[in-house]
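The data block below is my_file13.txt; it holds compact mmCIF, C-alpha atoms.
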# COMPACT_ATOMS: atom_id res chain seq x y z
CA MET R 844 -5.05 8.96 11.16
CA PRO R 845 -6.80 12.37 11.10
CA GLU R 846 -7.73 12.34 7.40
CA LEU R 847 -9.28 8.87 7.61
CA ASP R 848 -11.06 9.83 10.83
CA ARG R 849 -12.70 12.74 9.02
CA PHE R 850 -13.66 10.37 6.23
CA LEU R 851 -15.13 7.97 8.79
CA GLU R 852 -17.31 10.74 10.21
CA ASN R 853 -18.60 11.85 6.81
CA VAL R 854 -19.04 8.51 5.04
CA ASP R 855 -22.53 7.39 4.11
CA ASP R 856 -23.07 4.00 5.78
CA ASP R 857 -26.00 3.16 3.49
CA LEU R 858 -23.95 3.90 0.38
CA ILE R 859 -21.08 1.73 1.60
CA SER R 860 -23.49 -1.12 2.35
CA ALA R 861 -25.27 -0.84 -0.96
CA GLU R 862 -22.25 -0.67 -3.24
CA SER R 863 -19.92 -3.48 -2.16
CA ALA R 864 -19.81 -6.22 0.44
CA SER R 865 -16.00 -6.03 0.37
CA ARG R 866 -15.99 -2.30 0.96
CA ARG R 867 -18.48 -2.75 3.79
CA ALA R 868 -16.20 -5.36 5.41
CA ILE R 869 -13.20 -3.03 5.11
CA PHE R 870 -15.21 -0.11 6.45
CA GLU R 871 -16.53 -2.02 9.47
CA ARG R 872 -13.06 -3.28 10.35
CA TYR R 873 -11.64 0.21 10.08
CA ARG R 874 -14.44 1.62 12.20
CA GLU R 875 -13.61 -0.86 14.98
CA PHE R 876 -9.88 -0.29 14.53
CA SER R 877 -10.30 3.50 14.80
CA ALA R 878 -12.43 3.19 17.94
CA LEU R 879 -9.84 0.91 19.58
CA ALA R 880 -6.97 3.20 18.63
CA LYS R 881 -8.72 6.21 20.15
CA ARG R 882 -9.52 4.27 23.33
CA LEU R 883 -5.95 3.07 23.76
CA ASP R 884 -4.48 6.49 22.97
CA ALA R 885 -6.81 8.12 25.49
CA ASN R 886 -5.78 5.53 28.08
CA GLU R 887 -2.10 6.35 27.57
CA ILE R 888 -2.62 10.12 27.60
CA ALA R 889 -4.94 10.26 30.62
CA GLY R 890 -3.22 7.47 32.54
CA MET R 891 -6.48 5.61 33.01
CA GLU R 892 -6.16 2.56 35.24
CA MET R 893 -7.30 -0.20 32.90
CA HIS R 894 -6.41 -3.75 33.88
CA PRO R 895 -3.17 -4.82 32.14
CA GLN R 896 -4.84 -7.90 30.67
CA VAL R 897 -7.61 -5.72 29.21
CA VAL R 898 -5.05 -3.37 27.67
CA GLU R 899 -3.09 -6.31 26.25
CA ALA R 900 -6.27 -7.80 24.74
CA LEU R 901 -7.20 -4.45 23.17
CA TRP R 902 -3.74 -4.06 21.64
CA GLU R 903 -3.89 -7.59 20.26
CA ARG R 904 -7.30 -6.89 18.72
CA ARG R 905 -5.98 -3.62 17.26
CA SER R 906 -3.07 -5.49 15.62
CA GLN R 907 -5.41 -8.21 14.38
CA LEU R 908 -7.74 -5.66 12.78
CA ALA R 909 -4.81 -3.95 11.07
CA ARG R 910 -3.72 -7.28 9.56
CA GLU R 911 -7.31 -8.10 8.56
CA LEU R 912 -7.61 -4.74 6.79
CA VAL R 913 -4.56 -5.63 4.69
CA ASP R 914 -5.87 -9.12 3.95
CA THR R 915 -9.51 -8.28 3.14
CA PRO R 916 -10.18 -8.97 -0.58
CA ALA R 917 -10.91 -5.98 -2.80
CA PRO R 918 -12.37 -7.15 -6.13
CA ALA R 919 -13.41 -3.84 -7.75
CA ILE R 920 -11.33 -0.74 -8.42
CA ALA R 921 -13.36 1.35 -5.95
CA ASP R 922 -12.79 -1.32 -3.31
CA VAL R 923 -9.03 -1.35 -3.98
CA VAL R 924 -8.75 2.46 -3.81
CA PHE R 925 -10.74 2.47 -0.57
CA LYS R 926 -8.62 -0.31 0.92
CA MET R 927 -5.23 1.06 -0.15
CA THR R 928 -6.06 4.49 1.28
CA ILE R 929 -6.44 2.81 4.66
CA VAL R 930 -3.47 0.45 4.22
CA SER R 931 -1.19 3.33 3.26
CA SER R 932 -2.13 5.11 6.47
CA LEU R 933 -1.55 1.92 8.50
CA VAL R 934 1.96 1.62 7.04
CA GLU R 935 2.83 5.28 7.59
CA ASP R 936 1.62 5.12 11.20
CA GLY R 937 3.58 1.93 11.89
CA GLU R 938 0.48 -0.19 12.52
CA VAL R 939 1.72 -2.78 10.01
CA ARG R 940 5.17 -3.38 8.56
CA LEU R 941 4.09 -5.07 5.35
CA GLY R 942 1.08 -3.40 3.76
CA LEU R 943 2.02 -4.15 0.18
CA THR R 944 1.42 -7.90 0.25
CA PRO R 945 1.37 -10.04 -2.93
CA GLN R 946 -2.44 -10.01 -2.66
CA CYS R 947 -2.54 -6.20 -2.46
CA MET R 948 -0.21 -5.82 -5.45
CA ALA R 949 -2.30 -8.28 -7.47
CA GLU R 950 -5.44 -6.29 -6.62
CA CYS R 951 -3.78 -3.01 -7.62
CA GLU R 952 -2.57 -4.46 -10.92
CA ARG R 953 -5.97 -5.96 -11.66
CA ALA R 954 -7.68 -2.64 -10.89
CA LEU R 955 -5.39 -0.88 -13.37
CA ALA R 956 -5.62 -3.70 -15.93
CA VAL R 957 -1.83 -4.04 -16.03
CA GLU R 958 -0.63 -6.15 -18.91
CA THR R 959 2.74 -7.85 -19.13
CA GLY R 960 4.95 -5.65 -21.23
CA SER R 961 8.43 -5.91 -22.66
CA GLU R 962 11.44 -4.18 -21.16
CA GLU R 963 11.67 -2.12 -24.36
CA CYS R 964 8.13 -0.85 -23.83
CA PHE R 965 8.86 0.03 -20.20
CA LYS R 966 12.12 1.76 -21.15
CA ALA R 967 10.33 3.85 -23.78
CA LEU R 968 7.46 4.85 -21.49
CA GLU R 969 9.43 5.60 -18.31
CA PRO R 970 13.18 5.73 -18.98
CA ALA R 971 14.19 7.18 -15.58
CA LEU R 972 12.27 4.58 -13.57
CA TRP R 973 13.47 1.87 -15.96
CA GLY R 974 17.07 2.91 -15.26
CA SER R 975 16.56 2.62 -11.50
CA TRP R 976 14.82 -0.73 -11.96
CA GLN R 977 17.76 -2.03 -14.00
CA GLN R 978 20.34 -0.71 -11.54
CA ILE R 979 18.66 -2.36 -8.55
CA ARG R 980 18.25 -5.71 -10.33
CA GLN R 981 21.90 -5.67 -11.39
CA LYS R 982 23.07 -4.86 -7.86
CA LEU R 983 21.01 -7.69 -6.39
CA ALA R 984 22.23 -10.14 -9.03
CA ALA R 985 25.84 -9.15 -8.32
CA ALA R 986 25.29 -9.59 -4.59
CA ALA R 987 23.84 -13.06 -5.12
CA ALA R 988 26.82 -14.03 -7.26
CA GLU R 989 29.18 -12.95 -4.46
CA GLY R 990 27.33 -14.87 -1.77
CA PHE R 991 25.67 -11.72 -0.45
CA GLU R 992 28.90 -10.23 0.91
CA PHE R 993 28.31 -6.49 0.87
CA SER R 994 30.81 -3.69 0.85
CA GLU R 995 29.97 -0.20 2.09
CA ALA R 996 30.20 1.04 -1.49
CA TRP R 997 27.72 -1.63 -2.61
CA TRP R 998 25.21 -0.57 0.03
CA GLU R 999 25.62 3.09 -0.87
CA GLU R 1000 24.97 2.47 -4.57
CA PHE R 1001 22.07 0.16 -3.75
CA ARG R 1002 20.42 2.76 -1.52
CA GLU R 1003 20.91 5.43 -4.16
CA GLY R 1004 19.13 3.26 -6.75
CA VAL R 1005 16.19 2.55 -4.44
CA HIS R 1006 15.95 6.19 -3.40
CA ALA R 1007 15.80 7.18 -7.06
CA ALA R 1008 12.98 4.69 -7.66
CA VAL R 1009 11.08 6.00 -4.62
CA CYS R 1010 11.34 9.58 -5.85
CA GLN R 1011 10.29 8.79 -9.42
CA GLU R 1012 6.53 8.69 -9.83
CA ALA R 1013 5.23 5.69 -11.78
CA ARG R 1014 3.18 7.35 -14.51
CA THR R 1015 1.93 4.17 -16.18
CA PRO R 1016 0.64 0.80 -14.94
CA VAL R 1017 3.77 -0.79 -16.40
CA GLY R 1018 5.94 1.49 -14.27
CA LEU R 1019 3.89 0.68 -11.21
CA ARG R 1020 4.37 -3.04 -11.83
CA ALA R 1021 8.14 -2.44 -12.03
CA LYS R 1022 8.05 -0.71 -8.66
CA GLY R 1023 6.17 -3.71 -7.30
CA GLU R 1024 8.83 -6.05 -8.70
CA ILE R 1025 11.59 -3.98 -7.08
CA PHE R 1026 9.75 -4.09 -3.77
CA ARG R 1027 9.27 -7.87 -3.94
CA GLU R 1028 12.96 -8.44 -4.66
CA ILE R 1029 14.07 -6.16 -1.82
CA TRP R 1030 11.55 -7.76 0.55
CA LEU R 1031 13.03 -11.19 -0.16
CA PHE R 1032 16.54 -9.80 0.07
CA VAL R 1033 16.33 -8.02 3.44
CA GLU R 1034 13.75 -8.30 6.20
CA GLU R 1035 14.01 -4.79 7.61
CA ALA R 1036 15.19 -1.72 5.77
CA GLU R 1037 14.14 1.87 5.27
CA GLU R 1038 14.49 1.26 1.56
CA TRP R 1039 11.58 -1.14 1.18
CA SER R 1040 9.44 0.77 3.67
CA ALA R 1041 9.77 3.94 1.60
CA LEU R 1042 9.27 1.99 -1.62
CA GLN R 1043 5.96 0.44 -0.56
CA THR R 1044 4.67 3.88 0.49
CA SER R 1045 5.77 5.23 -2.89
CA TYR R 1046 3.99 2.38 -4.71
CA MET R 1047 0.72 3.04 -2.88
CA ARG R 1048 0.96 6.77 -3.57
CA ASP R 1049 1.47 6.14 -7.28
CA PHE R 1050 -1.35 3.62 -7.38
CA GLY R 1051 -3.72 6.22 -5.96
CA ALA R 1052 -2.70 8.74 -8.62
CA LEU R 1053 -3.10 6.20 -11.46
CA ALA R 1054 -6.39 4.84 -10.13
CA ALA R 1055 -8.07 8.22 -9.58
CA PRO R 1056 -8.95 8.98 -13.24
CA ARG R 1057 -10.10 5.38 -13.81
CA LEU R 1058 -12.31 5.53 -10.75
CA HIS R 1059 -13.71 8.87 -11.86
CA SER R 1060 -14.45 7.44 -15.30
CA GLU R 1061 -16.20 4.44 -13.75
CA ASP R 1062 -18.29 6.70 -11.50
CA SER R 1063 -19.23 8.84 -14.51
CA ARG R 1064 -20.37 5.77 -16.48
CA ARG R 1065 -22.41 4.58 -13.51
CA SER R 1066 -24.05 7.99 -13.19
CA ARG R 1067 -24.93 8.06 -16.89
CA ARG R 1068 -26.50 4.60 -16.65
CA LYS R 1069 -28.65 5.72 -13.73
CA VAL R 1070 -29.79 8.84 -15.60
CA GLY R 1071 -30.49 6.82 -18.75

Kindly return the structure encoded in the file as structure tokens.
Amino acid sequence: MPELDRFLENVDDDLISAESASRRAIFERYREFSALAKRLDANEIAGMEMHPQVVEALWERRSQLARELVDTPAPAIADVVFKMTIVSSLVEDGEVRLGLTPQCMAECERALAVETGSEECFKALEPALWGSWQQIRQKLAAAAAEGFEFSEAWWEEFREGVHAAVCQEARTPVGLRAKGEIFREIWLFVEEAEEWSALQTSYMRDFGALAAPRLHSEDSRRSRRKVG
């Protein structure tokens, strides 16, 4: 995690502590996680003779911290952005399989103030993503009706629909919610697949892009209040 390691070196501990207890909890867990990861990586590279039970305990603690980072509450938009930056890296590095938990999606939606919209609204705002969303839902419904007996052609069309959704950037909170719905359905449908792994990474990428201007606006308002 080179980018996060640079962030860890440059972050202002006092600012983290002053702004949010949740962000502080996330930061402290990531600090410990990063230190453990470096220690274990150094042990593997240098062939250090650590006791097997010590190594096993360190790996268990590393896995526990990764799960705790995903599960730590993030009430404010700055907390969610901070958390999802870390979670995205954990997913990409294979530290956790499921980073986009129901809690994380709820936090992302709350941070973006996502409102329940109609399919017509979604179709008008993001027609390409809407089309992929519809295609995937229809394929899953057809599979359920057939007792989940899949042909090679079915799988090929299904993968094409998910790949299209992954490649299409969600440009509105409504589109992001649709991606989350697709991910939830696929997660329930199959336990392990490249499709949902790529989709959760895509969701977190789009969340970061949508949250950035809102976070900037919030920071600007805070700065104006301090000056005033």

Using only C-alpha atoms, which residues sit within 12 Å of Leu908 in chain R once same-chain residues fewer than 6 positions away are excluded, as a PyMOL selection string?
-> chain R and resi 868-880+901-902+914-915+929-930+933+938-939

Atoms kept (C-alpha atoms) for selection, written as a PDB file, in the coordinates of the input:
ATOM      1  CA  ALA R 868     -16.200  -5.360   5.410  1.00  0.00           C
ATOM      2  CA  ILE R 869     -13.200  -3.030   5.110  1.00  0.00           C
ATOM      3  CA  PHE R 870     -15.210  -0.110   6.450  1.00  0.00           C
ATOM      4  CA  GLU R 871     -16.530  -2.020   9.470  1.00  0.00           C
ATOM      5  CA  ARG R 872     -13.060  -3.280  10.350  1.00  0.00           C
ATOM      6  CA  TYR R 873     -11.640   0.210  10.080  1.00  0.00           C
ATOM      7  CA  ARG R 874     -14.440   1.620  12.200  1.00  0.00           C
ATOM      8  CA  GLU R 875     -13.610  -0.860  14.980  1.00  0.00           C
ATOM      9  CA  PHE R 876      -9.880  -0.290  14.530  1.00  0.00           C
ATOM     10  CA  SER R 877     -10.300   3.500  14.800  1.00  0.00           C
ATOM     11  CA  ALA R 878     -12.430   3.190  17.940  1.00  0.00           C
ATOM     12  CA  LEU R 879      -9.840   0.910  19.580  1.00  0.00           C
ATOM     13  CA  ALA R 880      -6.970   3.200  18.630  1.00  0.00           C
ATOM     14  CA  LEU R 901      -7.200  -4.450  23.170  1.00  0.00           C
ATOM     15  CA  TRP R 902      -3.740  -4.060  21.640  1.00  0.00           C
ATOM     16  CA  ASP R 914      -5.870  -9.120   3.950  1.00  0.00           C
ATOM     17  CA  THR R 915      -9.510  -8.280   3.140  1.00  0.00           C
ATOM     18  CA  ILE R 929      -6.440   2.810   4.660  1.00  0.00           C
ATOM     19  CA  VAL R 930      -3.470   0.450   4.220  1.00  0.00           C
ATOM     20  CA  LEU R 933      -1.550   1.920   8.500  1.00  0.00           C
ATOM     21  CA  GLU R 938       0.480  -0.190  12.520  1.00  0.00           C
ATOM     22  CA  VAL R 939       1.720  -2.780  10.010  1.00  0.00           C
TER      23      VAL R 939
END

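Ranking R:His894, R:Ser865, R:Gln1011, R:His1006 by their shortest atom-to-atom distance to Pro918 in chain R, with all atoms listed in the file included, puts R:Ser865 first.
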
Given only C-alpha atoms as the counted atoms, nearest of R:Ala1054, R:Leu1031, R:Leu943, R:Leu1019 to Ile920 in chain R |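 The shortest atom-to-atom distance to Ile920 in chain R comes from R:Ala1054.
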
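Using only C-alpha atoms, the nearest neighbour of Leu955 in chain R within the list R:Ala985, R:Ala885, R:Ala1055, R:Ala864 is R:Ala1055.
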
Counting all atoms listed in the file, which of R:Ala986, R:Ala1013, R:Ile979, R:Ala1007 gets nearest to Ile1029 in chain R?
->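 Of the candidates, the smallest distance to Ile1029 in chain R is held by R:Ile979.
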
Give the padded box for range 1015-1033 of chain R as JSON: axis-aligned, covering all atoms listed in the file, 3 Å on each side, centre and edge lengths in Å to one decimal.
{"center_x": 8.6, "center_y": -3.5, "center_z": -6.5, "size_x": 21.9, "size_y": 21.4, "size_z": 25.8}

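One finds CA of Glu1037 in chain R at 28.4 Å from CA of Asp922 in chain R.
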
Could you work out how far CA of Glu1061 in chain R lies from CA of Glu958 in chain R, giving the answer in Å with one decimal?
->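 According to the coordinates, CA of Glu958 in chain R and CA of Glu1061 in chain R are separated by 19.5 Å.
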
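Minimum atom-to-atom distances from R:Glu899, R:Asp1049, R:Asp884, R:Glu962 to Glu1012 in chain R were compared using only C-alpha atoms, and the lowest value belongs to R:Asp1049.
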
CA of Arg980 in chain R and CA of Gly942 in chain R are how many Å apart?
->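 Distance between the two atoms: 22.3 Å.
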
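Minimum distance to Arg905 in chain R across R:Arg940, R:Glu887, R:Arg882, R:Met893 (counting only C-alpha atoms) occurs at R:Arg882.
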
Restore N, CA and C atoms in range 995-1028 of chain R and list the result as a CSV table (one decimal), in the frame of the given file.
chain,number,residue,atom,x,y,z
R,995,GLU,N,30.6,-1.5,1.8
R,995,GLU,CA,30.0,-0.2,2.1
R,995,GLU,C,29.6,0.5,0.8
R,996,ALA,N,30.5,0.4,-0.2
R,996,ALA,CA,30.2,1.0,-1.5
R,996,ALA,C,29.0,0.4,-2.2
R,997,TRP,N,28.9,-0.9,-2.0
R,997,TRP,CA,27.7,-1.6,-2.6
R,997,TRP,C,26.4,-1.1,-2.0
R,998,TRP,N,26.4,-1.0,-0.7
R,998,TRP,CA,25.2,-0.6,0.0
R,998,TRP,C,24.9,0.9,-0.4
R,999,GLU,N,25.9,1.7,-0.5
R,999,GLU,CA,25.6,3.1,-0.9
R,999,GLU,C,25.0,3.2,-2.3
R,1000,GLU,N,25.5,2.4,-3.2
R,1000,GLU,CA,25.0,2.5,-4.6
R,1000,GLU,C,23.6,1.9,-4.6
R,1001,PHE,N,23.4,0.8,-3.8
R,1001,PHE,CA,22.1,0.2,-3.8
R,1001,PHE,C,21.0,1.1,-3.2
R,1002,ARG,N,21.3,1.8,-2.1
R,1002,ARG,CA,20.4,2.8,-1.5
R,1002,ARG,C,20.1,3.9,-2.5
R,1003,GLU,N,21.1,4.3,-3.2
R,1003,GLU,CA,20.9,5.4,-4.2
R,1003,GLU,C,19.9,5.0,-5.2
R,1004,GLY,N,20.0,3.8,-5.7
R,1004,GLY,CA,19.1,3.3,-6.8
R,1004,GLY,C,17.7,3.2,-6.2
R,1005,VAL,N,17.5,2.7,-5.0
R,1005,VAL,CA,16.2,2.6,-4.4
R,1005,VAL,C,15.6,3.9,-4.2
R,1006,HIS,N,16.4,4.8,-3.7
R,1006,HIS,CA,16.0,6.2,-3.4
R,1006,HIS,C,15.5,6.8,-4.7
R,1007,ALA,N,16.2,6.6,-5.8
R,1007,ALA,CA,15.8,7.2,-7.1
R,1007,ALA,C,14.5,6.6,-7.5
R,1008,ALA,N,14.3,5.3,-7.3
R,1008,ALA,CA,13.0,4.7,-7.7
R,1008,ALA,C,11.8,5.2,-6.8
R,1009,VAL,N,12.1,5.5,-5.5
R,1009,VAL,CA,11.1,6.0,-4.6
R,1009,VAL,C,10.7,7.4,-5.1
R,1010,CYS,N,11.6,8.2,-5.5
R,1010,CYS,CA,11.3,9.6,-5.8
R,1010,CYS,C,10.7,9.7,-7.2
R,1011,GLN,N,10.8,8.7,-8.1
R,1011,GLN,CA,10.3,8.8,-9.4
R,1011,GLN,C,8.8,8.3,-9.4
R,1012,GLU,N,7.9,9.1,-9.8
R,1012,GLU,CA,6.5,8.7,-9.8
R,1012,GLU,C,6.3,7.7,-11.0
R,1013,ALA,N,5.6,6.6,-10.7
R,1013,ALA,CA,5.2,5.7,-11.8
R,1013,ALA,C,4.0,6.3,-12.5
R,1014,ARG,N,4.2,6.6,-13.8
R,1014,ARG,CA,3.2,7.4,-14.5
R,1014,ARG,C,2.3,6.4,-15.4
R,1015,THR,N,2.7,5.1,-15.4
R,1015,THR,CA,1.9,4.2,-16.2
R,1015,THR,C,1.8,2.9,-15.3
R,1016,PRO,N,0.8,2.1,-15.7
R,1016,PRO,CA,0.6,0.8,-14.9
R,1016,PRO,C,1.9,-0.1,-15.1
R,1017,VAL,N,2.5,0.0,-16.2
R,1017,VAL,CA,3.8,-0.8,-16.4
R,1017,VAL,C,4.9,-0.3,-15.4
R,1018,GLY,N,5.0,1.0,-15.2
R,1018,GLY,CA,5.9,1.5,-14.3
R,1018,GLY,C,5.6,1.1,-12.9
R,1019,LEU,N,4.3,1.1,-12.5
R,1019,LEU,CA,3.9,0.7,-11.2
R,1019,LEU,C,4.2,-0.8,-11.0
R,1020,ARG,N,4.0,-1.6,-12.0
R,1020,ARG,CA,4.4,-3.0,-11.8
R,1020,ARG,C,5.9,-3.2,-11.6
R,1021,ALA,N,6.7,-2.4,-12.2
R,1021,ALA,CA,8.1,-2.4,-12.0
R,1021,ALA,C,8.5,-2.1,-10.6
R,1022,LYS,N,7.8,-1.1,-10.1
R,1022,LYS,CA,8.0,-0.7,-8.7
R,1022,LYS,C,7.7,-1.9,-7.8
R,1023,GLY,N,6.6,-2.6,-8.1
R,1023,GLY,CA,6.2,-3.7,-7.3
R,1023,GLY,C,7.2,-4.8,-7.4
R,1024,GLU,N,7.8,-5.0,-8.5
R,1024,GLU,CA,8.8,-6.0,-8.7
R,1024,GLU,C,10.1,-5.7,-7.9
R,1025,ILE,N,10.4,-4.4,-7.9
R,1025,ILE,CA,11.6,-4.0,-7.1
R,1025,ILE,C,11.3,-4.3,-5.6
R,1026,PHE,N,10.1,-3.9,-5.2
R,1026,PHE,CA,9.8,-4.1,-3.8
R,1026,PHE,C,9.8,-5.6,-3.4
R,1027,ARG,N,9.3,-6.4,-4.2
R,1027,ARG,CA,9.3,-7.9,-3.9
R,1027,ARG,C,10.7,-8.4,-3.8
R,1028,GLU,N,11.6,-8.0,-4.7
R,1028,GLU,CA,13.0,-8.4,-4.7
R,1028,GLU,C,13.7,-8.0,-3.4
